[in-house]
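Worksheet: the structure to be examined is printed underneath.
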Amino acid sequence: MTPIARSIIANRLFHADYQVDRGPRRSTRAHTIIVGNCGTLAGRFLLIPDAVIDDGLLDVVMMRPASRFGWAKIAAQLTMQKMVQCSPRRRRVFGGMWRTQALAYVQGREFDVRFDTPHAVELDGDHFGHVLRARVSVGLAAVMLRVPRA
């Protein structure tokens, strides 16, 4: 069994307090928190539908399944997001139909999170260590990308 499958079956949630753009501090229980500014993963897998790579905002998704059934809800929502991403008409018709509270999304220029116990952190899939707190921010126009003309 793969590590991710074992993790999903165990469904161990952790407590986290987080703050977006120095706004009010909020609490949640989550299985996974992902911070990025691109909503599509390898294989055109749409994880964060409102993410725009050059808008100067971080996009955060918190996976908060209450049970194994919650993972089924997450899978259904991610499947629907993938299905509707390529068509404005599909987005209008089906866009919010599969929204579940098991996935929570926030956006901002800065995301600060605190954990009760140390948690593993990855950067682009590489293990970075264990932390009790992480503060992630984005600088508008901080990176220049050059792409070929279409």
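Labeling convention for the structure tokens: chains A, B, ... as they appear, residues from 1 per chain, ligands from 1 in order of appearance.
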
query: DSSP says alpha helix (DSSP H) for which residues of range 10-141 of chain A? Put them as number ranges by chain?
result: A: 10, 68-84, 88-94

- request: List every residue of chain A that DSSP, applied to the backbone of this structure, places in strand (DSSP E or B), and write the result as JSON, numbers by chain.
  value: {"A": [14, 15, 16, 17, 18, 19, 20, 26, 27, 28, 29, 30, 32, 33, 34, 35, 36, 40, 41, 45, 46, 58, 59, 60, 61, 62, 63, 103, 104, 105, 106, 107, 108, 110, 111, 112, 113, 114, 115, 116, 117, 118, 119, 120, 121, 122, 123, 126, 127, 128, 129, 130, 131, 132, 133, 134, 135, 136, 137]}

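Counting only C-alpha atoms, the residue from A:Arg44, A:Lys73, A:Arg109, A:Arg133 that sits nearest to Val20 in chain A is A:Arg109.
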
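With only C-alpha atoms taken into account, the protein and nucleic acid residues at most 12 Å from Leu123 in chain A (excluding it and anything under 3 positions from it in its own chain) are Ile34, Val35, Gly36, Ala120, Asp126, His127, Phe128, Gly129, His130, Ala134 and Val136 of chain A.
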
Any chance you could export the current selection's N, CA, C and O atoms as a short mmCIF file (atom, residue, chain, number, x, y, z; two decimals), in the first residue's frame?
data_model
loop_
_atom_site.label_atom_id
_atom_site.label_comp_id
_atom_site.auth_asym_id
_atom_site.auth_seq_id
_atom_site.Cartn_x
_atom_site.Cartn_y
_atom_site.Cartn_z
N ILE A 34 -2.14 22.71 1.54
CA ILE A 34 -1.27 22.96 0.38
C ILE A 34 -1.33 24.44 0.05
O ILE A 34 -2.42 25.01 -0.09
N VAL A 35 -0.16 25.06 -0.07
CA VAL A 35 -0.04 26.47 -0.41
C VAL A 35 0.66 26.59 -1.75
O VAL A 35 1.69 25.95 -1.97
N GLY A 36 0.11 27.38 -2.65
CA GLY A 36 0.73 27.56 -3.96
C GLY A 36 0.17 28.77 -4.65
O GLY A 36 -0.60 29.54 -4.07
N ALA A 120 5.54 17.82 9.14
CA ALA A 120 6.44 17.76 8.00
C ALA A 120 6.03 18.81 6.97
O ALA A 120 4.85 19.02 6.72
N ASP A 126 9.81 18.07 -2.17
CA ASP A 126 11.00 17.68 -1.43
C ASP A 126 10.80 17.95 0.06
O ASP A 126 10.34 19.02 0.45
N HIS A 127 11.18 16.98 0.88
CA HIS A 127 11.06 17.13 2.34
C HIS A 127 11.94 18.28 2.82
O HIS A 127 13.10 18.38 2.45
N PHE A 128 11.37 19.18 3.63
CA PHE A 128 12.07 20.36 4.11
C PHE A 128 12.32 20.32 5.61
O PHE A 128 13.06 21.12 6.14
N GLY A 129 11.67 19.39 6.31
CA GLY A 129 11.83 19.29 7.76
C GLY A 129 10.48 19.36 8.46
O GLY A 129 9.43 19.31 7.83
N HIS A 130 10.54 19.48 9.79
CA HIS A 130 9.33 19.59 10.61
C HIS A 130 9.28 20.98 11.23
O HIS A 130 10.31 21.51 11.64
N ALA A 134 4.67 28.10 10.08
CA ALA A 134 5.15 28.45 8.74
C ALA A 134 4.46 29.73 8.30
O ALA A 134 3.27 29.91 8.54
N VAL A 136 4.16 31.87 4.75
CA VAL A 136 4.43 31.85 3.32
C VAL A 136 3.88 33.14 2.74
O VAL A 136 2.75 33.53 3.04
#

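Comparing the minimum interatomic distances between His15 in chain A and each of A:Ala102, A:Val60, A:Val113, A:Val121, counting only C-alpha atoms, we find that A:Val113 sits nearest.
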
Please provide the set of residues having any atom within 10 Å of Ile48 in chain A, restricted to only C-alpha atoms, with same-chain residues fewer than 6 positions apart removed, written as a PDB file with all heavy atoms, in the first residue's frame.
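Just written: part_15.pdb:
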ATOM      1  N   ILE A  34      -2.139  22.711   1.539  1.00  0.00           N
ATOM      2  CA  ILE A  34      -1.275  22.958   0.385  1.00  0.00           C
ATOM      3  C   ILE A  34      -1.332  24.441   0.047  1.00  0.00           C
ATOM      4  O   ILE A  34      -2.418  25.006  -0.094  1.00  0.00           O
ATOM      5  CB  ILE A  34      -1.711  22.122  -0.834  1.00  0.00           C
ATOM      6  CG1 ILE A  34      -1.614  20.625  -0.508  1.00  0.00           C
ATOM      7  CG2 ILE A  34      -0.875  22.477  -2.071  1.00  0.00           C
ATOM      8  CD1 ILE A  34      -2.195  19.716  -1.566  1.00  0.00           C
ATOM      9  N   VAL A  35      -0.160  25.058  -0.070  1.00  0.00           N
ATOM     10  CA  VAL A  35      -0.043  26.475  -0.410  1.00  0.00           C
ATOM     11  C   VAL A  35       0.657  26.587  -1.749  1.00  0.00           C
ATOM     12  O   VAL A  35       1.689  25.955  -1.972  1.00  0.00           O
ATOM     13  CB  VAL A  35       0.770  27.243   0.658  1.00  0.00           C
ATOM     14  CG1 VAL A  35       0.852  28.729   0.310  1.00  0.00           C
ATOM     15  CG2 VAL A  35       0.190  27.051   2.052  1.00  0.00           C
ATOM     16  N   GLY A  36       0.111  27.375  -2.653  1.00  0.00           N
ATOM     17  CA  GLY A  36       0.729  27.559  -3.957  1.00  0.00           C
ATOM     18  C   GLY A  36       0.166  28.773  -4.653  1.00  0.00           C
ATOM     19  O   GLY A  36      -0.601  29.545  -4.070  1.00  0.00           O
ATOM     20  N   ASN A  37       0.544  28.965  -5.900  1.00  0.00           N
ATOM     21  CA  ASN A  37      -0.082  30.023  -6.694  1.00  0.00           C
ATOM     22  C   ASN A  37      -0.446  29.511  -8.090  1.00  0.00           C
ATOM     23  O   ASN A  37      -0.741  30.273  -8.977  1.00  0.00           O
ATOM     24  CB  ASN A  37       0.797  31.267  -6.773  1.00  0.00           C
ATOM     25  CG  ASN A  37       2.057  31.055  -7.577  1.00  0.00           C
ATOM     26  OD1 ASN A  37       2.444  29.931  -7.849  1.00  0.00           O
ATOM     27  ND2 ASN A  37       2.698  32.139  -7.953  1.00  0.00           N
ATOM     28  N   CYS A  38      -0.411  28.208  -8.236  1.00  0.00           N
ATOM     29  CA  CYS A  38      -0.812  27.557  -9.479  1.00  0.00           C
ATOM     30  C   CYS A  38      -1.799  26.456  -9.093  1.00  0.00           C
ATOM     31  O   CYS A  38      -1.516  25.658  -8.205  1.00  0.00           O
ATOM     32  CB  CYS A  38       0.410  26.968 -10.169  1.00  0.00           C
ATOM     33  SG  CYS A  38       0.016  26.043 -11.647  1.00  0.00           S
ATOM     34  N   GLY A  39      -2.942  26.431  -9.720  1.00  0.00           N
ATOM     35  CA  GLY A  39      -3.969  25.484  -9.305  1.00  0.00           C
ATOM     36  C   GLY A  39      -3.897  24.122  -9.932  1.00  0.00           C
ATOM     37  O   GLY A  39      -4.563  23.194  -9.501  1.00  0.00           O
ATOM     38  N   THR A  40      -3.059  23.974 -10.957  1.00  0.00           N
ATOM     39  CA  THR A  40      -3.004  22.717 -11.693  1.00  0.00           C
ATOM     40  C   THR A  40      -1.719  21.977 -11.379  1.00  0.00           C
ATOM     41  O   THR A  40      -0.633  22.549 -11.440  1.00  0.00           O
ATOM     42  CB  THR A  40      -3.088  22.984 -13.210  1.00  0.00           C
ATOM     43  OG1 THR A  40      -4.263  23.756 -13.463  1.00  0.00           O
ATOM     44  CG2 THR A  40      -3.177  21.696 -13.979  1.00  0.00           C
ATOM     45  N   LEU A  41      -1.855  20.716 -11.031  1.00  0.00           N
ATOM     46  CA  LEU A  41      -0.699  19.873 -10.748  1.00  0.00           C
ATOM     47  C   LEU A  41      -0.316  19.094 -12.000  1.00  0.00           C
ATOM     48  O   LEU A  41      -0.959  19.218 -13.041  1.00  0.00           O
ATOM     49  CB  LEU A  41      -1.039  18.901  -9.612  1.00  0.00           C
ATOM     50  CG  LEU A  41      -1.487  19.531  -8.294  1.00  0.00           C
ATOM     51  CD1 LEU A  41      -1.890  18.458  -7.311  1.00  0.00           C
ATOM     52  CD2 LEU A  41      -0.405  20.411  -7.721  1.00  0.00           C
ATOM     53  N   ASP A  59      -2.618  30.803  -3.090  1.00  0.00           N
ATOM     54  CA  ASP A  59      -3.857  30.036  -3.008  1.00  0.00           C
ATOM     55  C   ASP A  59      -3.606  28.864  -2.085  1.00  0.00           C
ATOM     56  O   ASP A  59      -2.611  28.165  -2.210  1.00  0.00           O
ATOM     57  CB  ASP A  59      -4.265  29.554  -4.393  1.00  0.00           C
ATOM     58  CG  ASP A  59      -4.618  30.720  -5.285  1.00  0.00           C
ATOM     59  OD1 ASP A  59      -5.774  31.165  -5.228  1.00  0.00           O
ATOM     60  OD2 ASP A  59      -3.733  31.209  -6.017  1.00  0.00           O
ATOM     61  N   VAL A  60      -4.506  28.684  -1.128  1.00  0.00           N
ATOM     62  CA  VAL A  60      -4.357  27.644  -0.113  1.00  0.00           C
ATOM     63  C   VAL A  60      -5.568  26.736  -0.167  1.00  0.00           C
ATOM     64  O   VAL A  60      -6.705  27.203  -0.244  1.00  0.00           O
ATOM     65  CB  VAL A  60      -4.239  28.268   1.302  1.00  0.00           C
ATOM     66  CG1 VAL A  60      -4.074  27.187   2.360  1.00  0.00           C
ATOM     67  CG2 VAL A  60      -3.102  29.279   1.356  1.00  0.00           C
ATOM     68  N   VAL A  61      -5.319  25.426  -0.141  1.00  0.00           N
ATOM     69  CA  VAL A  61      -6.404  24.456  -0.020  1.00  0.00           C
ATOM     70  C   VAL A  61      -6.130  23.629   1.228  1.00  0.00           C
ATOM     71  O   VAL A  61      -5.004  23.200   1.465  1.00  0.00           O
ATOM     72  CB  VAL A  61      -6.557  23.558  -1.276  1.00  0.00           C
ATOM     73  CG1 VAL A  61      -5.314  22.772  -1.571  1.00  0.00           C
ATOM     74  CG2 VAL A  61      -7.761  22.624  -1.128  1.00  0.00           C
ATOM     75  N   LEU A  78     -12.870  17.114  -6.854  1.00  0.00           N
ATOM     76  CA  LEU A  78     -11.694  17.257  -7.710  1.00  0.00           C
ATOM     77  C   LEU A  78     -11.965  16.716  -9.116  1.00  0.00           C
ATOM     78  O   LEU A  78     -11.512  17.295 -10.106  1.00  0.00           O
ATOM     79  CB  LEU A  78     -10.492  16.570  -7.076  1.00  0.00           C
ATOM     80  CG  LEU A  78     -10.006  17.186  -5.756  1.00  0.00           C
ATOM     81  CD1 LEU A  78      -8.847  16.383  -5.197  1.00  0.00           C
ATOM     82  CD2 LEU A  78      -9.650  18.650  -5.915  1.00  0.00           C
ATOM     83  N   GLN A  81     -14.073  19.335 -10.858  1.00  0.00           N
ATOM     84  CA  GLN A  81     -13.252  20.491 -11.217  1.00  0.00           C
ATOM     85  C   GLN A  81     -12.468  20.199 -12.492  1.00  0.00           C
ATOM     86  O   GLN A  81     -12.363  21.043 -13.368  1.00  0.00           O
ATOM     87  CB  GLN A  81     -12.289  20.851 -10.079  1.00  0.00           C
ATOM     88  CG  GLN A  81     -12.972  21.519  -8.927  1.00  0.00           C
ATOM     89  CD  GLN A  81     -12.106  21.732  -7.720  1.00  0.00           C
ATOM     90  OE1 GLN A  81     -12.598  22.190  -6.721  1.00  0.00           O
ATOM     91  NE2 GLN A  81     -10.841  21.416  -7.747  1.00  0.00           N
ATOM     92  N   LEU A 103     -13.118  20.426   1.617  1.00  0.00           N
ATOM     93  CA  LEU A 103     -12.067  21.228   0.994  1.00  0.00           C
ATOM     94  C   LEU A 103     -12.351  22.695   1.301  1.00  0.00           C
ATOM     95  O   LEU A 103     -13.425  23.188   0.997  1.00  0.00           O
ATOM     96  CB  LEU A 103     -12.058  21.049  -0.529  1.00  0.00           C
ATOM     97  CG  LEU A 103     -11.478  19.765  -1.091  1.00  0.00           C
ATOM     98  CD1 LEU A 103     -11.671  19.717  -2.599  1.00  0.00           C
ATOM     99  CD2 LEU A 103     -10.015  19.636  -0.751  1.00  0.00           C
ATOM    100  N   ALA A 104     -11.385  23.362   1.910  1.00  0.00           N
ATOM    101  CA  ALA A 104     -11.541  24.789   2.199  1.00  0.00           C
ATOM    102  C   ALA A 104     -10.449  25.541   1.446  1.00  0.00           C
ATOM    103  O   ALA A 104      -9.285  25.131   1.454  1.00  0.00           O
ATOM    104  CB  ALA A 104     -11.418  25.048   3.697  1.00  0.00           C
ATOM    105  N   TYR A 105     -10.838  26.633   0.799  1.00  0.00           N
ATOM    106  CA  TYR A 105      -9.910  27.431   0.014  1.00  0.00           C
ATOM    107  C   TYR A 105      -9.809  28.832   0.602  1.00  0.00           C
ATOM    108  O   TYR A 105     -10.821  29.418   0.993  1.00  0.00           O
ATOM    109  CB  TYR A 105     -10.402  27.560  -1.433  1.00  0.00           C
ATOM    110  CG  TYR A 105     -10.458  26.255  -2.188  1.00  0.00           C
ATOM    111  CD1 TYR A 105     -11.637  25.529  -2.280  1.00  0.00           C
ATOM    112  CD2 TYR A 105      -9.328  25.757  -2.821  1.00  0.00           C
ATOM    113  CE1 TYR A 105     -11.695  24.345  -2.989  1.00  0.00           C
ATOM    114  CE2 TYR A 105      -9.370  24.568  -3.532  1.00  0.00           C
ATOM    115  CZ  TYR A 105     -10.560  23.865  -3.608  1.00  0.00           C
ATOM    116  OH  TYR A 105     -10.612  22.691  -4.310  1.00  0.00           O
ATOM    117  N   VAL A 106      -8.595  29.385   0.644  1.00  0.00           N
ATOM    118  CA  VAL A 106      -8.383  30.786   1.010  1.00  0.00           C
ATOM    119  C   VAL A 106      -7.329  31.366   0.075  1.00  0.00           C
ATOM    120  O   VAL A 106      -6.516  30.638  -0.490  1.00  0.00           O
ATOM    121  CB  VAL A 106      -7.963  30.974   2.487  1.00  0.00           C
ATOM    122  CG1 VAL A 106      -9.079  30.535   3.433  1.00  0.00           C
ATOM    123  CG2 VAL A 106      -6.674  30.249   2.802  1.00  0.00           C
TER     124      VAL A 106
END

task: Find the residue from A:Asp124, A:Leu13, A:Thr28, A:Leu57 that sits nearest to Val138 in chain A; use only C-alpha atoms when measuring.
output: A:Leu57

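For the pair CA of Leu132 in chain A and CA of Ile33 in chain A, the separation is 13.6 Å.
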
query: CA of Arg26 in chain A and CA of Ala141 in chain A, how far apart in Å?
result: 28.7 Å

message: List as a PyMOL selection string the protein and nucleic acid residues near Gly70 in chain A, meaning an atom at most 12 Å away when only C-alpha atoms are counted, but skip any in the same chain fewer than 5 places from it.
response: chain A and resi 8-9+11+30-31+63-65+75-77+99-103

Writing out the chosen residues with N, CA and C atoms as a PDB file, in the first residue's frame:
ATOM      1  N   ILE A   8      -4.574   8.286   3.867  1.00  0.00           N
ATOM      2  CA  ILE A   8      -6.005   8.527   3.673  1.00  0.00           C
ATOM      3  C   ILE A   8      -6.835   7.575   4.521  1.00  0.00           C
ATOM      4  N   ILE A   9      -6.444   6.313   4.568  1.00  0.00           N
ATOM      5  CA  ILE A   9      -7.194   5.334   5.367  1.00  0.00           C
ATOM      6  C   ILE A   9      -7.139   5.696   6.852  1.00  0.00           C
ATOM      7  N   ASN A  11      -6.649   8.673   8.102  1.00  0.00           N
ATOM      8  CA  ASN A  11      -7.378   9.938   8.215  1.00  0.00           C
ATOM      9  C   ASN A  11      -7.093  10.672   9.528  1.00  0.00           C
ATOM     10  N   ALA A  30      -7.326  19.633   9.952  1.00  0.00           N
ATOM     11  CA  ALA A  30      -7.073  19.289   8.557  1.00  0.00           C
ATOM     12  C   ALA A  30      -6.190  18.059   8.462  1.00  0.00           C
ATOM     13  N   HIS A  31      -6.254  17.408   7.330  1.00  0.00           N
ATOM     14  CA  HIS A  31      -5.371  16.296   7.015  1.00  0.00           C
ATOM     15  C   HIS A  31      -4.148  16.814   6.257  1.00  0.00           C
ATOM     16  N   MET A  63      -7.439  20.271   3.129  1.00  0.00           N
ATOM     17  CA  MET A  63      -8.239  19.051   3.016  1.00  0.00           C
ATOM     18  C   MET A  63      -8.662  18.652   4.414  1.00  0.00           C
ATOM     19  N   ARG A  64      -9.997  18.668   4.648  1.00  0.00           N
ATOM     20  CA  ARG A  64     -10.535  18.458   5.988  1.00  0.00           C
ATOM     21  C   ARG A  64     -11.640  17.399   6.012  1.00  0.00           C
ATOM     22  N   PRO A  65     -11.341  16.186   5.576  1.00  0.00           N
ATOM     23  CA  PRO A  65     -12.392  15.168   5.572  1.00  0.00           C
ATOM     24  C   PRO A  65     -12.734  14.724   6.993  1.00  0.00           C
ATOM     25  N   ALA A  75     -12.739  13.560  -3.601  1.00  0.00           N
ATOM     26  CA  ALA A  75     -12.474  12.967  -4.909  1.00  0.00           C
ATOM     27  C   ALA A  75     -13.531  13.395  -5.928  1.00  0.00           C
ATOM     28  N   ALA A  76     -14.797  13.429  -5.501  1.00  0.00           N
ATOM     29  CA  ALA A  76     -15.871  13.843  -6.409  1.00  0.00           C
ATOM     30  C   ALA A  76     -15.687  15.299  -6.827  1.00  0.00           C
ATOM     31  N   GLN A  77     -15.353  16.180  -5.866  1.00  0.00           N
ATOM     32  CA  GLN A  77     -15.170  17.586  -6.209  1.00  0.00           C
ATOM     33  C   GLN A  77     -13.980  17.776  -7.142  1.00  0.00           C
ATOM     34  N   ARG A  99     -19.298  21.240  -4.551  1.00  0.00           N
ATOM     35  CA  ARG A  99     -18.506  21.843  -3.476  1.00  0.00           C
ATOM     36  C   ARG A  99     -18.764  21.114  -2.167  1.00  0.00           C
ATOM     37  N   THR A 100     -17.688  20.835  -1.457  1.00  0.00           N
ATOM     38  CA  THR A 100     -17.786  20.156  -0.176  1.00  0.00           C
ATOM     39  C   THR A 100     -17.007  20.933   0.874  1.00  0.00           C
ATOM     40  N   GLN A 101     -17.463  20.888   2.112  1.00  0.00           N
ATOM     41  CA  GLN A 101     -16.733  21.553   3.197  1.00  0.00           C
ATOM     42  C   GLN A 101     -15.464  20.800   3.558  1.00  0.00           C
ATOM     43  N   ALA A 102     -15.281  19.623   3.002  1.00  0.00           N
ATOM     44  CA  ALA A 102     -14.054  18.867   3.245  1.00  0.00           C
ATOM     45  C   ALA A 102     -12.854  19.525   2.571  1.00  0.00           C
ATOM     46  N   LEU A 103     -13.118  20.426   1.617  1.00  0.00           N
ATOM     47  CA  LEU A 103     -12.067  21.228   0.994  1.00  0.00           C
ATOM     48  C   LEU A 103     -12.351  22.695   1.301  1.00  0.00           C
TER      49      LEU A 103
END

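Here the question is which of A:Val131, A:Thr32, A:Arg12, A:Val52 gets nearest to His119 in chain A using only C-alpha atoms, and that residue is A:Val131.
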
Who sits within 12 Å of Val143 in chain A, only C-alpha atoms, same chain under 4 positions skipped, as an NGL selection string: :A and (53-54 or 56 or 138-139)

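Candidate residues A:Ile74, A:Gln19, A:Thr79, A:Arg29 were compared for distance to Leu46 in chain A, and the nearest is A:Thr79, using only C-alpha atoms.
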
- line: The residue from A:Glu122, A:Asp116, A:Asp55, A:Asp50 with the smallest atom-to-atom distance to Tyr18 in chain A, counting only C-alpha atoms, is A:Asp116

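Our summary of the geometry notes that CA of Arg114 in chain A is positioned 13.7 Å from CA of Met62 in chain A.
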